[in-house]
file run.csv (CSV, C-alpha atoms and all ligand atoms)
chain,number,residue,atom,x,y,z
C,21,MET,CA,-16.8,71.6,-19.9
C,22,ASN,CA,-15.5,74.7,-21.8
C,23,ASN,CA,-16.2,78.3,-22.3
C,24,GLN,CA,-14.9,80.1,-25.4
C,25,HIS,CA,-14.6,83.4,-23.4
C,26,VAL,CA,-12.3,82.2,-20.7
C,27,MET,CA,-8.6,82.4,-21.5
C,28,ASN,CA,-7.0,79.1,-21.8
C,29,THR,CA,-4.4,79.4,-19.0
C,30,TYR,CA,-5.5,76.5,-16.7
C,31,ASN,CA,-6.1,72.8,-17.2
C,32,ARG,CA,-9.3,72.6,-15.3
C,33,PHE,CA,-11.0,69.6,-13.9
C,34,ASP,CA,-14.3,68.9,-15.5
C,35,ILE,CA,-16.6,70.2,-12.8
C,36,VAL,CA,-18.4,73.5,-12.1
C,37,LEU,CA,-18.3,74.3,-8.4
C,38,ASP,CA,-21.3,76.0,-6.9
C,39,HIS,CA,-21.3,76.2,-3.1
C,40,GLY,CA,-19.4,75.0,-0.1
C,41,GLU,CA,-19.6,74.3,3.6
C,42,GLY,CA,-16.6,73.7,5.9
C,43,THR,CA,-14.3,71.1,4.2
C,44,TRP,CA,-17.0,70.2,1.5
C,45,VAL,CA,-17.8,71.8,-1.8
C,46,TYR,CA,-20.7,71.0,-4.1
C,47,ASP,CA,-20.8,71.1,-7.9
C,48,SER,CA,-23.7,72.4,-10.0
C,49,LYS,CA,-25.2,68.9,-10.2
C,50,GLY,CA,-25.3,68.6,-6.4
C,51,GLU,CA,-22.3,66.2,-6.2
C,52,LYS,CA,-20.4,66.6,-2.9
C,53,TYR,CA,-16.5,66.7,-2.8
C,54,LEU,CA,-14.1,66.7,0.2
C,55,ASP,CA,-11.9,69.7,-0.5
C,56,PHE,CA,-8.3,69.1,0.4
C,57,VAL,CA,-7.1,71.8,-2.0
C,58,SER,CA,-8.7,74.7,-0.1
C,59,GLY,CA,-8.3,77.0,-3.1
C,60,ILE,CA,-4.6,76.1,-3.0
C,61,ALA,CA,-4.0,76.9,0.7
C,62,VAL,CA,-6.4,79.9,0.7
C,63,ASN,CA,-9.6,78.8,2.4
C,64,CYS,CA,-7.9,78.3,5.8
C,65,LEU,CA,-11.2,78.1,7.7
C,66,GLY,CA,-13.0,76.0,5.1
C,67,HIS,CA,-15.9,77.3,3.1
C,68,CYS,CA,-18.5,79.8,4.4
C,69,HIS,CA,-17.1,79.9,8.0
C,70,PRO,CA,-19.7,81.6,10.2
C,71,ALA,CA,-17.2,84.1,11.7
C,72,VAL,CA,-16.1,85.0,8.2
C,73,ILE,CA,-19.6,85.5,7.0
C,74,GLN,CA,-20.4,87.6,10.0
C,75,ALA,CA,-17.3,89.8,9.4
C,76,ILE,CA,-18.2,90.3,5.8
C,77,GLY,CA,-21.9,91.0,6.6
C,78,GLU,CA,-21.1,93.6,9.3
C,79,GLN,CA,-18.3,95.4,7.6
C,80,SER,CA,-20.0,95.5,4.1
C,81,LYS,CA,-22.9,97.3,5.8
C,82,LYS,CA,-20.5,99.8,7.2
C,83,LEU,CA,-17.6,100.6,4.8
C,84,MET,CA,-16.0,98.4,2.1
C,85,HIS,CA,-13.4,100.6,0.5
C,86,VAL,CA,-11.8,104.0,1.0
C,87,SER,CA,-8.7,105.3,-0.6
C,88,ASN,CA,-5.3,105.0,1.1
C,89,LEU,CA,-5.4,108.7,1.3
C,90,TYR,CA,-7.3,108.0,4.6
C,91,TRP,CA,-6.9,105.8,7.7
C,92,THR,CA,-9.3,103.2,8.8
C,93,GLU,CA,-9.4,101.5,12.2
C,94,ASN,CA,-9.5,98.0,10.6
C,95,MET,CA,-6.4,98.7,8.6
C,96,MET,CA,-4.5,100.0,11.6
C,97,GLU,CA,-5.7,97.1,13.8
C,98,PHE,CA,-4.8,94.4,11.3
C,99,ALA,CA,-1.4,96.0,10.7
C,100,THR,CA,-0.8,95.8,14.5
C,101,GLY,CA,-2.0,92.2,14.6
C,102,LEU,CA,0.4,91.1,11.8
C,103,ALA,CA,3.3,93.0,13.3
C,104,GLU,CA,2.7,91.3,16.6
C,105,ALA,CA,2.3,87.9,15.0
C,106,SER,CA,5.5,88.2,12.8
C,107,GLY,CA,7.7,90.3,15.1
C,108,LEU,CA,8.3,92.7,12.3
C,109,ASP,CA,7.6,96.4,12.4
C,110,LYS,CA,5.7,97.7,9.4
C,111,ILE,CA,3.0,96.3,7.1
C,112,PHE,CA,2.1,97.2,3.5
C,113,PHE,CA,-1.2,95.7,2.2
C,114,ASN,CA,-2.1,94.7,-1.3
C,115,ASN,CA,-4.2,92.1,-3.2
C,116,SER,CA,-2.1,89.0,-3.9
C,117,GLY,CA,1.0,87.0,-3.3
C,118,THR,CA,2.6,88.2,-6.5
C,119,GLU,CA,2.0,91.8,-5.6
C,120,ALA,CA,3.4,91.2,-2.1
C,121,ASN,CA,6.6,89.9,-3.7
C,122,GLU,CA,6.8,92.8,-6.1
C,123,THR,CA,6.6,95.1,-3.2
C,124,ALA,CA,9.3,93.2,-1.4
C,125,LEU,CA,11.6,93.4,-4.5
C,126,LYS,CA,11.0,97.1,-4.7
C,127,ILE,CA,11.9,97.7,-1.0
C,128,ALA,CA,15.1,95.7,-1.6
C,129,ARG,CA,16.0,97.8,-4.7
C,130,LYS,CA,15.4,101.0,-2.8
C,131,TYR,CA,17.4,99.7,0.2
C,132,GLY,CA,20.3,98.8,-2.1
C,133,LYS,CA,20.3,102.2,-3.8
C,134,VAL,CA,20.3,104.0,-0.5
C,135,LYS,CA,23.0,101.8,1.0
C,136,GLY,CA,25.3,101.2,-2.0
C,137,GLY,CA,24.2,103.2,-5.0
C,138,ASN,CA,23.1,101.9,-8.4
C,139,GLU,CA,25.4,98.9,-8.3
C,140,LYS,CA,23.8,97.4,-5.2
C,141,SER,CA,20.8,95.9,-7.0
C,142,THR,CA,21.4,92.2,-7.4
C,143,ILE,CA,18.6,89.9,-6.1
C,144,ILE,CA,19.5,86.3,-5.4
C,145,TYR,CA,16.7,83.7,-5.8
C,146,MET,CA,16.5,79.9,-5.6
C,147,LYS,CA,16.2,77.3,-8.3
C,148,GLU,CA,12.7,75.7,-8.3
C,149,SER,CA,11.2,78.6,-6.4
C,150,PHE,CA,7.8,80.1,-7.1
C,151,HIS,CA,7.1,83.8,-6.4
C,152,GLY,CA,4.4,84.7,-9.0
C,153,ARG,CA,3.7,85.5,-12.6
C,154,SER,CA,4.3,89.2,-12.9
C,155,MET,CA,7.5,90.3,-14.7
C,156,GLY,CA,9.3,91.0,-11.5
C,157,ALA,CA,8.1,88.0,-9.5
C,158,LEU,CA,8.6,85.8,-12.5
C,159,SER,CA,12.2,87.0,-12.9
C,160,VAL,CA,13.0,85.5,-9.5
C,161,THR,CA,11.0,82.3,-10.1
C,162,GLY,CA,13.7,79.7,-10.8
C,163,GLN,CA,11.7,77.6,-13.2
C,164,GLU,CA,12.5,77.7,-16.9
C,165,LYS,CA,9.0,76.4,-17.9
C,166,TYR,CA,7.4,79.6,-16.5
C,167,GLN,CA,10.1,82.0,-17.7
C,168,GLU,CA,11.0,80.9,-21.2
C,169,ALA,CA,8.1,82.4,-23.2
C,170,PHE,CA,8.4,85.8,-21.5
C,171,LYS,CA,12.1,86.7,-21.8
C,172,PRO,CA,13.7,89.2,-21.5
C,173,LEU,CA,12.9,89.3,-17.8
C,174,ILE,CA,14.1,92.0,-15.4
C,175,GLY,CA,17.9,92.1,-15.0
C,176,GLY,CA,20.0,92.1,-11.9
C,177,THR,CA,18.9,88.7,-10.7
C,178,CYS,CA,21.0,85.7,-9.9
C,179,GLU,CA,20.2,82.0,-9.2
C,180,ALA,CA,21.4,79.8,-6.3
C,181,VAL,CA,20.4,76.3,-5.2
C,182,PHE,CA,17.9,75.8,-2.4
C,183,ASN,CA,19.4,74.2,0.8
C,184,ASP,CA,22.9,74.6,-0.7
C,185,ILE,CA,24.7,77.4,1.2
C,186,GLU,CA,27.9,77.1,-1.0
C,187,SER,CA,25.8,78.0,-4.1
C,188,VAL,CA,24.6,81.2,-2.3
C,189,ARG,CA,28.1,82.0,-1.1
C,190,LYS,CA,29.4,81.8,-4.7
C,191,VAL,CA,27.0,84.5,-6.0
C,192,MET,CA,26.9,86.7,-2.9
C,193,ASP,CA,28.9,90.0,-3.0
C,194,LYS,CA,28.6,93.6,-2.0
C,195,ASN,CA,26.2,94.4,-4.9
C,196,VAL,CA,23.6,92.0,-3.6
C,197,CYS,CA,20.6,93.9,-2.1
C,198,ALA,CA,18.4,90.9,-1.3
C,199,VAL,CA,18.0,87.2,-1.2
C,200,ILE,CA,14.4,85.9,-1.7
C,201,LEU,CA,13.3,82.4,-0.8
C,202,GLU,CA,10.4,80.3,0.4
C,203,PRO,CA,11.0,78.7,3.8
C,204,VAL,CA,9.0,75.8,2.4
C,205,GLN,CA,9.0,75.6,-1.4
C,206,GLY,CA,5.3,74.9,-2.2
C,207,GLU,CA,4.7,74.7,-5.9
C,208,SER,CA,7.8,72.8,-6.7
C,209,GLY,CA,6.9,69.9,-4.4
C,210,VAL,CA,6.7,70.8,-0.6
C,211,LEU,CA,10.4,71.1,0.1
C,212,PRO,CA,11.2,72.7,3.6
C,213,ALA,CA,14.4,74.6,4.0
C,214,THR,CA,16.8,73.2,6.6
C,215,PRO,CA,17.2,75.4,9.7
C,216,GLU,CA,21.0,75.4,9.1
C,217,PHE,CA,20.5,76.7,5.5
C,218,LEU,CA,18.3,79.6,6.7
C,219,ALA,CA,20.6,80.5,9.5
C,220,GLU,CA,23.6,80.6,7.1
C,221,VAL,CA,21.8,82.7,4.5
C,222,ARG,CA,20.8,85.0,7.3
C,223,SER,CA,24.4,85.5,8.3
C,224,LEU,CA,25.6,85.9,4.7
C,225,CYS,CA,23.0,88.7,4.3
C,226,ASP,CA,24.1,90.4,7.4
C,227,GLU,CA,27.8,90.2,6.3
C,228,TYR,CA,27.0,91.8,2.9
C,229,ASP,CA,24.3,94.2,4.1
C,230,ALA,CA,21.6,92.5,2.0
C,231,LEU,CA,18.0,92.0,3.0
C,232,LEU,CA,16.6,88.6,3.6
C,233,ILE,CA,13.1,88.1,2.1
C,234,PHE,CA,10.9,85.1,3.1
C,235,ASP,CA,8.0,84.4,0.8
C,236,GLU,CA,5.3,82.8,3.0
C,237,VAL,CA,2.5,83.3,0.6
C,238,GLN,CA,1.7,79.6,0.8
C,239,CYS,CA,3.3,78.4,4.1
C,240,GLY,CA,2.4,81.4,6.2
C,241,MET,CA,-0.8,82.3,8.1
C,242,GLY,CA,-1.0,79.2,10.3
C,243,ARG,CA,-0.4,76.5,7.6
C,244,SER,CA,2.8,75.4,9.3
C,245,GLY,CA,1.3,75.1,12.8
C,246,LYS,CA,2.9,78.4,13.8
C,247,MET,CA,1.6,81.7,12.5
C,248,PHE,CA,4.6,81.8,10.1
C,249,ALA,CA,6.9,78.9,9.1
C,250,PHE,CA,10.1,80.8,9.8
C,251,GLN,CA,9.0,80.7,13.5
C,252,LYS,CA,9.4,76.9,13.3
C,253,LEU,CA,12.6,77.0,11.4
C,254,GLY,CA,14.4,79.5,13.7
C,255,THR,CA,15.5,82.3,11.4
C,256,SER,CA,13.8,85.7,11.0
C,257,PRO,CA,13.7,87.6,7.7
C,258,ASP,CA,13.9,91.4,7.1
C,259,ILE,CA,10.9,91.2,4.8
C,260,LEU,CA,8.1,88.6,5.0
C,261,THR,CA,5.4,88.3,2.3
C,262,THR,CA,2.1,86.5,2.7
C,263,ALA,CA,-1.2,86.3,0.9
C,264,LYS,CA,-3.3,83.2,0.1
C,265,ALA,CA,-4.9,82.4,3.5
C,266,ILE,CA,-4.6,85.9,5.0
C,267,ALA,CA,-8.3,86.7,4.6
C,268,ALA,CA,-9.7,83.1,4.2
C,269,GLY,CA,-10.6,83.5,0.5
C,270,PHE,CA,-11.0,87.3,0.2
C,271,PRO,CA,-8.2,88.5,-2.1
C,272,MET,CA,-5.5,90.1,-0.1
C,273,GLY,CA,-1.7,90.2,0.4
C,274,ALA,CA,0.7,91.7,2.9
C,275,VAL,CA,4.3,92.6,3.2
C,276,MET,CA,5.8,92.8,6.6
C,277,ALA,CA,9.2,94.4,7.1
C,278,ASN,CA,11.5,95.5,9.9
C,279,ASN,CA,12.3,99.2,10.2
C,280,ARG,CA,15.8,98.6,8.7
C,281,ALA,CA,14.0,97.6,5.4
C,282,ALA,CA,10.8,99.6,5.6
C,283,ASP,CA,12.2,103.0,6.6
C,284,HIS,CA,13.5,103.7,3.1
C,285,PHE,CA,10.0,103.5,1.7
C,286,VAL,CA,8.5,107.0,1.6
C,287,PRO,CA,5.3,108.5,0.2
C,288,GLY,CA,5.3,108.2,-3.6
C,289,ASP,CA,7.5,105.1,-3.7
C,290,HIS,CA,4.7,102.5,-3.8
C,291,GLY,CA,0.9,102.3,-3.7
C,292,CYS,CA,-2.1,100.1,-4.1
C,293,THR,CA,-5.7,101.2,-4.8
C,294,PHE,CA,-7.4,98.3,-3.0
C,295,GLY,CA,-4.7,97.5,-0.5
C,296,GLY,CA,-5.8,97.4,3.1
C,297,ASN,CA,-9.4,98.1,2.4
C,298,PRO,CA,-11.6,97.9,5.6
C,299,LEU,CA,-13.5,94.8,4.3
C,300,GLY,CA,-10.4,92.7,3.7
C,301,CYS,CA,-8.9,93.8,7.0
C,302,ALA,CA,-12.1,92.9,8.9
C,303,ILE,CA,-11.8,89.4,7.5
C,304,GLY,CA,-8.1,89.3,8.2
C,305,LEU,CA,-8.7,90.2,11.8
C,306,THR,CA,-11.2,87.3,12.0
C,307,VAL,CA,-8.6,84.9,10.6
C,308,LEU,CA,-6.0,86.1,13.2
C,309,ASP,CA,-8.6,85.6,16.0
C,310,GLN,CA,-9.5,82.1,14.8
C,311,LEU,CA,-5.9,81.0,14.5
C,312,LEU,CA,-4.6,82.5,17.7
C,313,ASN,CA,-7.6,82.4,20.1
C,314,LYS,CA,-9.9,79.6,18.8
C,315,GLY,CA,-7.5,76.7,18.8
C,316,VAL,CA,-6.9,76.5,15.0
C,317,LEU,CA,-3.1,76.6,15.2
C,318,GLN,CA,-3.2,73.8,17.8
C,319,ASN,CA,-5.5,71.8,15.4
C,320,VAL,CA,-2.9,72.1,12.7
C,321,GLU,CA,-0.2,70.5,14.9
C,322,ASP,CA,-2.6,67.7,16.0
C,323,MET,CA,-3.8,67.0,12.5
C,324,ASN,CA,-0.2,67.1,11.2
C,325,THR,CA,0.7,64.3,13.6
C,326,TYR,CA,-2.3,62.2,12.6
C,327,LEU,CA,-2.1,62.7,8.9
C,328,MET,CA,1.7,62.3,8.6
C,329,GLY,CA,1.5,59.1,10.7
C,330,LYS,CA,-1.2,57.7,8.4
C,331,LEU,CA,0.6,58.8,5.2
C,332,ASN,CA,3.8,57.2,6.4
C,333,GLU,CA,1.9,53.9,6.9
C,334,LEU,CA,0.7,54.1,3.3
C,335,LYS,CA,4.3,54.8,2.2
C,336,ASP,CA,5.5,51.6,4.0
C,337,LYS,CA,2.7,49.7,2.3
C,338,TYR,CA,2.9,50.9,-1.3
C,339,ASP,CA,6.1,51.2,-3.3
C,340,VAL,CA,4.7,53.9,-5.6
C,341,ILE,CA,5.0,56.4,-2.7
C,342,GLU,CA,8.6,57.5,-2.5
C,343,ASP,CA,8.4,60.2,0.1
C,344,VAL,CA,6.0,61.9,2.5
C,345,ARG,CA,7.1,65.3,3.8
C,346,GLY,CA,5.9,68.7,4.9
C,347,ILE,CA,5.1,70.9,7.8
C,348,GLY,CA,1.8,71.5,9.5
C,349,LEU,CA,-1.0,71.0,6.9
C,350,LEU,CA,1.2,71.6,3.9
C,351,ILE,CA,2.0,68.0,3.2
C,352,GLY,CA,3.4,66.5,0.0
C,353,VAL,CA,3.3,62.9,-1.1
C,354,GLN,CA,5.9,62.1,-3.7
C,355,PHE,CA,5.1,59.4,-6.2
C,356,ALA,CA,7.0,57.3,-8.6
C,357,THR,CA,7.2,59.0,-12.1
C,358,GLY,CA,4.0,59.3,-14.0
C,359,LYS,CA,1.6,58.3,-11.2
C,360,LYS,CA,0.5,61.6,-9.6
C,361,ASP,CA,-2.0,62.7,-12.3
C,362,THR,CA,-3.7,59.3,-12.3
C,363,VAL,CA,-4.0,59.3,-8.5
C,364,ALA,CA,-5.4,62.9,-8.5
C,365,LYS,CA,-7.9,62.1,-11.2
C,366,TYR,CA,-9.1,58.9,-9.5
C,367,CYS,CA,-9.5,60.9,-6.2
C,368,LYS,CA,-11.5,63.6,-8.0
C,369,ASP,CA,-13.8,60.9,-9.6
C,370,ASN,CA,-14.3,59.5,-6.1
C,371,LYS,CA,-15.1,62.9,-4.6
C,372,LEU,CA,-11.8,64.0,-3.0
C,373,LEU,CA,-10.0,67.1,-4.3
C,374,LEU,CA,-6.2,67.1,-4.2
C,375,VAL,CA,-3.7,69.3,-6.0
C,376,GLY,CA,-0.4,68.3,-7.6
C,377,ALA,CA,3.0,70.1,-7.3
C,378,GLY,CA,6.3,69.8,-9.1
C,379,HIS,CA,8.4,66.6,-8.9
C,380,GLU,CA,5.6,64.1,-8.9
C,381,VAL,CA,4.1,65.4,-5.7
C,382,ILE,CA,0.5,65.5,-4.6
C,383,ARG,CA,-0.3,68.1,-1.9
C,384,PHE,CA,-2.7,67.7,1.0
C,385,LEU,CA,-3.9,71.3,1.8
C,386,PRO,CA,-7.0,70.8,3.9
C,387,PRO,CA,-8.5,73.8,5.8
C,388,LEU,CA,-6.7,74.4,9.0
C,389,ASN,CA,-9.8,73.4,11.0
C,390,VAL,CA,-10.1,70.0,9.3
C,391,THR,CA,-11.2,67.1,11.5
C,392,ILE,CA,-9.9,63.6,12.0
C,393,GLU,CA,-13.1,62.2,10.6
C,394,GLU,CA,-12.6,64.2,7.4
C,395,ILE,CA,-9.0,63.1,7.2
C,396,ASP,CA,-10.1,59.5,7.5
C,397,ILE,CA,-12.6,59.9,4.6
C,398,ALA,CA,-9.8,61.4,2.5
C,399,LEU,CA,-7.3,58.7,3.3
C,400,LYS,CA,-9.8,56.0,2.4
C,401,ILE,CA,-10.3,57.5,-1.1
C,402,PHE,CA,-6.6,58.2,-1.4
C,403,GLU,CA,-5.6,54.6,-0.5
C,404,ALA,CA,-8.2,53.2,-3.0
C,405,ALA,CA,-6.6,55.4,-5.7
C,406,ILE,CA,-3.1,54.1,-4.9
C,407,SER,CA,-4.0,50.4,-4.8
C,408,LYS,CA,-5.9,50.9,-8.1
C,501,LIG,C1,0.8,81.2,-4.8
C,501,LIG,C2,2.1,81.8,-4.5
C,501,LIG,C3,2.5,83.0,-5.0
C,501,LIG,C4,1.6,83.8,-5.9
C,501,LIG,O1,0.5,84.3,-5.3
C,501,LIG,P1,-0.7,84.9,-6.1
C,501,LIG,O2,-1.7,85.3,-5.0
C,501,LIG,O3,-1.2,83.9,-7.0
C,501,LIG,O4,-0.2,86.1,-6.8
C,501,LIG,C5,3.8,83.5,-4.7
C,501,LIG,N1,4.6,82.8,-3.9
C,501,LIG,C6,4.2,81.6,-3.4
C,501,LIG,C7,5.2,80.8,-2.5
C,501,LIG,C8,3.0,81.0,-3.7
C,501,LIG,O5,2.6,79.8,-3.3

call {"tool": "encode", "arguments": {"input": "run.csv", "output": "structure tokens"}}
result
Amino acid sequence: MNNQHVMNTYNRFDIVLDHGEGTWVYDSKGEKYLDFVSGIAVNCLGHCHPAVIQAIGEQSKKLMHVSNLYWTENMMEFATGLAEASGLDKIFFNNSGTEANETALKIARKYGKVKGGNEKSTIIYMKESFHGRSMGALSVTGQEKYQEAFKPLIGGTCEAVFNDIESVRKVMDKNVCAVILEPVQGESGVLPATPEFLAEVRSLCDEYDALLIFDEVQCGMGRSGKMFAFQKLGTSPDILTTAKAIAAGFPMGAVMANNRAADHFVPGDHGCTFGGNPLGCAIGLTVLDQLLNKGVLQNVEDMNTYLMGKLNELKDKYDVIEDVRGIGLLIGVQFATGKKDTVAKYCKDNKLLLVGAGHEVIRFLPPLNVTIEEIDIALKIFEAAISK
């Protein structure tokens, strides 16, 4: 499968997907796959969820886009919903995780400038992090393989080690305006922060008047079993970014901030043409309703218990599995070196879609409304791949 007009930036599997329903997707030949990738943690309600279809249908007949020169009810309502869900004060909408992180970095730089002048501009980020591919987000993505070809990156950044508070303390000073980190590192292999580490970073940020930014683009919006992973880990940020699952597959991102951080942003500082359009917000409101009022968050907890239990049984049975870890339905299985691609390929050939991550990890990212029956089907294929 190839197309000479599509830029060569992804190693794609050799299938053309055509349509989906719930946890299943179908390719153009009619083959059926169990989708435990969910567009990489995006399709939180599965494919073609009736409530999402209804929201799109109704809103698209009413109003799809207006400029941010005007208000819409949907935008105001969704902002209120996210503020209530996160405990933060103000929301800025955009179109992706990368953009949400760019916005967070700009809020941090403005905050630093107001509080400490031009010197207060350093942003601390973590080794092995992933925050996106734009020049700003890439500059705080601690992975040489993504950065190398694009240097020079933006200046004023500084690297620390995830879950190692001494490494943060070493680079923290009065010129730091923010620390950015993922409460659960996703792309680099499903690595949760320890509650102690987050609490200690929080108190260092308070001591030096720096903002704490949590990137919950992947682990947020219910994937952890709470609306946001930080609510499980016990430490609140000043700025929270999310995207992927926020509108169940419609492109959208959001930055949430407390007043301390947000109040320095004034008209002219930032903008986004498509951000907070009424169609995206109608879908976002549907996602919030499903997560909070239709039992989806509880399902994440229940399915976590079931799936983690079964994966740990496989770990005891097969030496190639070195670790099983995660939170909610963001679960990583770590393999012995060189096995993960073979396992993912075997699973795909046997109609189960899984996605890799760094450090020899395969991720399980089913939709948040996945059933036990679907998990059992996935586990059967997965175990066959491992024993093979
Ligand atoms: C996917 C991801 C991003 C980038 O989001 P895009 O929507 O692809 O721009 C940023 N941070 C984290 C933690 C992610 O998982």

call {"tool": "atom_distance", "arguments": {"input": "run.csv", "atom1": "CA of Ala404 in chain C", "atom2": "CA of Leu65 in chain C"}}
result
27.3 Å

call {"tool": "residues_around", "arguments": {"input": "run.csv", "residues": "range 141-155 of chain C", "least_positions_apart": "6", "cutoff": "9 Å", "atoms": "only C-alpha atoms", "output": "PyMOL selection string"}}
result
chain C and resi 117-119+121-122+125+128-133+161-164+166-167+170+173-182+188+191-193+195-202+205-208+235+237+378

call {"tool": "closest_residue", "arguments": {"input": "run.csv", "among": "C:Ala263, C:Met27, C:Cys367, C:Leu388", "to": "ligand LIG 501 (chain C)", "atoms": "all atoms listed in the file"}}
result
C:Ala263

call {"tool": "residues_around", "arguments": {"input": "run.csv", "residues": "Phe270 in chain C", "least_positions_apart": "5", "cutoff": "10 Å", "atoms": "only C-alpha atoms", "output": "PyMOL selection string"}}
result
chain C and resi 62-63+72+76+115-116+263-265+299-301+303-304

call {"tool": "write_last_selection", "arguments": {"input": "run.csv", "atoms": "C-alpha atoms", "output": "PDB file, keeping the file's coordinate frame"}}
result
ATOM      1  CA  VAL C  62      -6.400  79.900   0.700  1.00  0.00           C
ATOM      2  CA  ASN C  63      -9.600  78.800   2.400  1.00  0.00           C
ATOM      3  CA  VAL C  72     -16.100  85.000   8.200  1.00  0.00           C
ATOM      4  CA  ILE C  76     -18.200  90.300   5.800  1.00  0.00           C
ATOM      5  CA  ASN C 115      -4.200  92.100  -3.200  1.00  0.00           C
ATOM      6  CA  SER C 116      -2.100  89.000  -3.900  1.00  0.00           C
ATOM      7  CA  ALA C 263      -1.200  86.300   0.900  1.00  0.00           C
ATOM      8  CA  LYS C 264      -3.300  83.200   0.100  1.00  0.00           C
ATOM      9  CA  ALA C 265      -4.900  82.400   3.500  1.00  0.00           C
ATOM     10  CA  LEU C 299     -13.500  94.800   4.300  1.00  0.00           C
ATOM     11  CA  GLY C 300     -10.400  92.700   3.700  1.00  0.00           C
ATOM     12  CA  CYS C 301      -8.900  93.800   7.000  1.00  0.00           C
ATOM     13  CA  ILE C 303     -11.800  89.400   7.500  1.00  0.00           C
ATOM     14  CA  GLY C 304      -8.100  89.300   8.200  1.00  0.00           C
TER      15      GLY C 304
END

call {"tool": "closest_residue", "arguments": {"input": "run.csv", "among": "C:Gly269, C:Pro287, C:Pro298, C:Gly348", "to": "ligand LIG 501 (chain C)", "atoms": "all atoms listed in the file"}}
result
C:Gly269

call {"tool": "closest_residue", "arguments": {"input": "run.csv", "among": "C:Ile60, C:Leu102, C:Ala267, C:Val26", "to": "ligand LIG 501 (chain C)", "atoms": "only C-alpha atoms and all ligand atoms"}}
result
C:Ile60

call {"tool": "closest_residue", "arguments": {"input": "run.csv", "among": "C:Ile406, C:Val57, C:Met323, C:Leu232", "to": "Ile392 in chain C", "atoms": "only C-alpha atoms"}}
result
C:Met323

call {"tool": "closest_residue", "arguments": {"input": "run.csv", "among": "C:Pro215, C:Gly288, C:Pro271, C:Gly352", "to": "Gly254 in chain C", "atoms": "only C-alpha atoms"}}
result
C:Pro215

call {"tool": "atom_distance", "arguments": {"input": "run.csv", "atom1": "atom C3 of ligand LIG 501 (chain C)", "atom2": "CA of Trp44 in chain C"}}
result
24.2 Å

call {"tool": "atom_distance", "arguments": {"input": "run.csv", "atom1": "CA of Arg243 in chain C", "atom2": "CA of Leu350 in chain C"}}
result
6.3 Å

call {"tool": "closest_residue", "arguments": {"input": "run.csv", "among": "C:Ile127, C:Ala120, C:Val134, C:Val286", "to": "ligand LIG 501 (chain C)", "atoms": "all atoms listed in the file"}}
result
C:Ala120

call {"tool": "axis_aligned_box", "arguments": {"input": "run.csv", "around": "range 107-112 of chain C", "padding_each_side": "6 Å", "output": "JSON"}}
result
{"center_x": 5.2, "center_y": 94.0, "center_z": 9.3, "size_x": 18.2, "size_y": 19.4, "size_z": 23.6}

call {"tool": "residues_around", "arguments": {"input": "run.csv", "residues": "range 209-214 of chain C", "least_positions_apart": "6", "cutoff": "10 Å", "atoms": "all atoms listed in the file", "output": "number ranges by chain"}}
result
C: 148-149, 182-184, 201-203, 239, 249-250, 253-254, 344-347, 350-354, 376-383

call {"tool": "residues_around", "arguments": {"input": "run.csv", "residues": "Cys292 in chain C", "least_positions_apart": "5", "cutoff": "8 Å", "atoms": "only C-alpha atoms", "output": "number ranges by chain"}}
result
C: 88, 113-114

call {"tool": "residues_around", "arguments": {"input": "run.csv", "residues": "Lys110 in chain C", "least_positions_apart": "5", "cutoff": "8 Å", "atoms": "all atoms listed in the file", "output": "ChimeraX atom specification"}}
result
/C:99,103,276-279,282
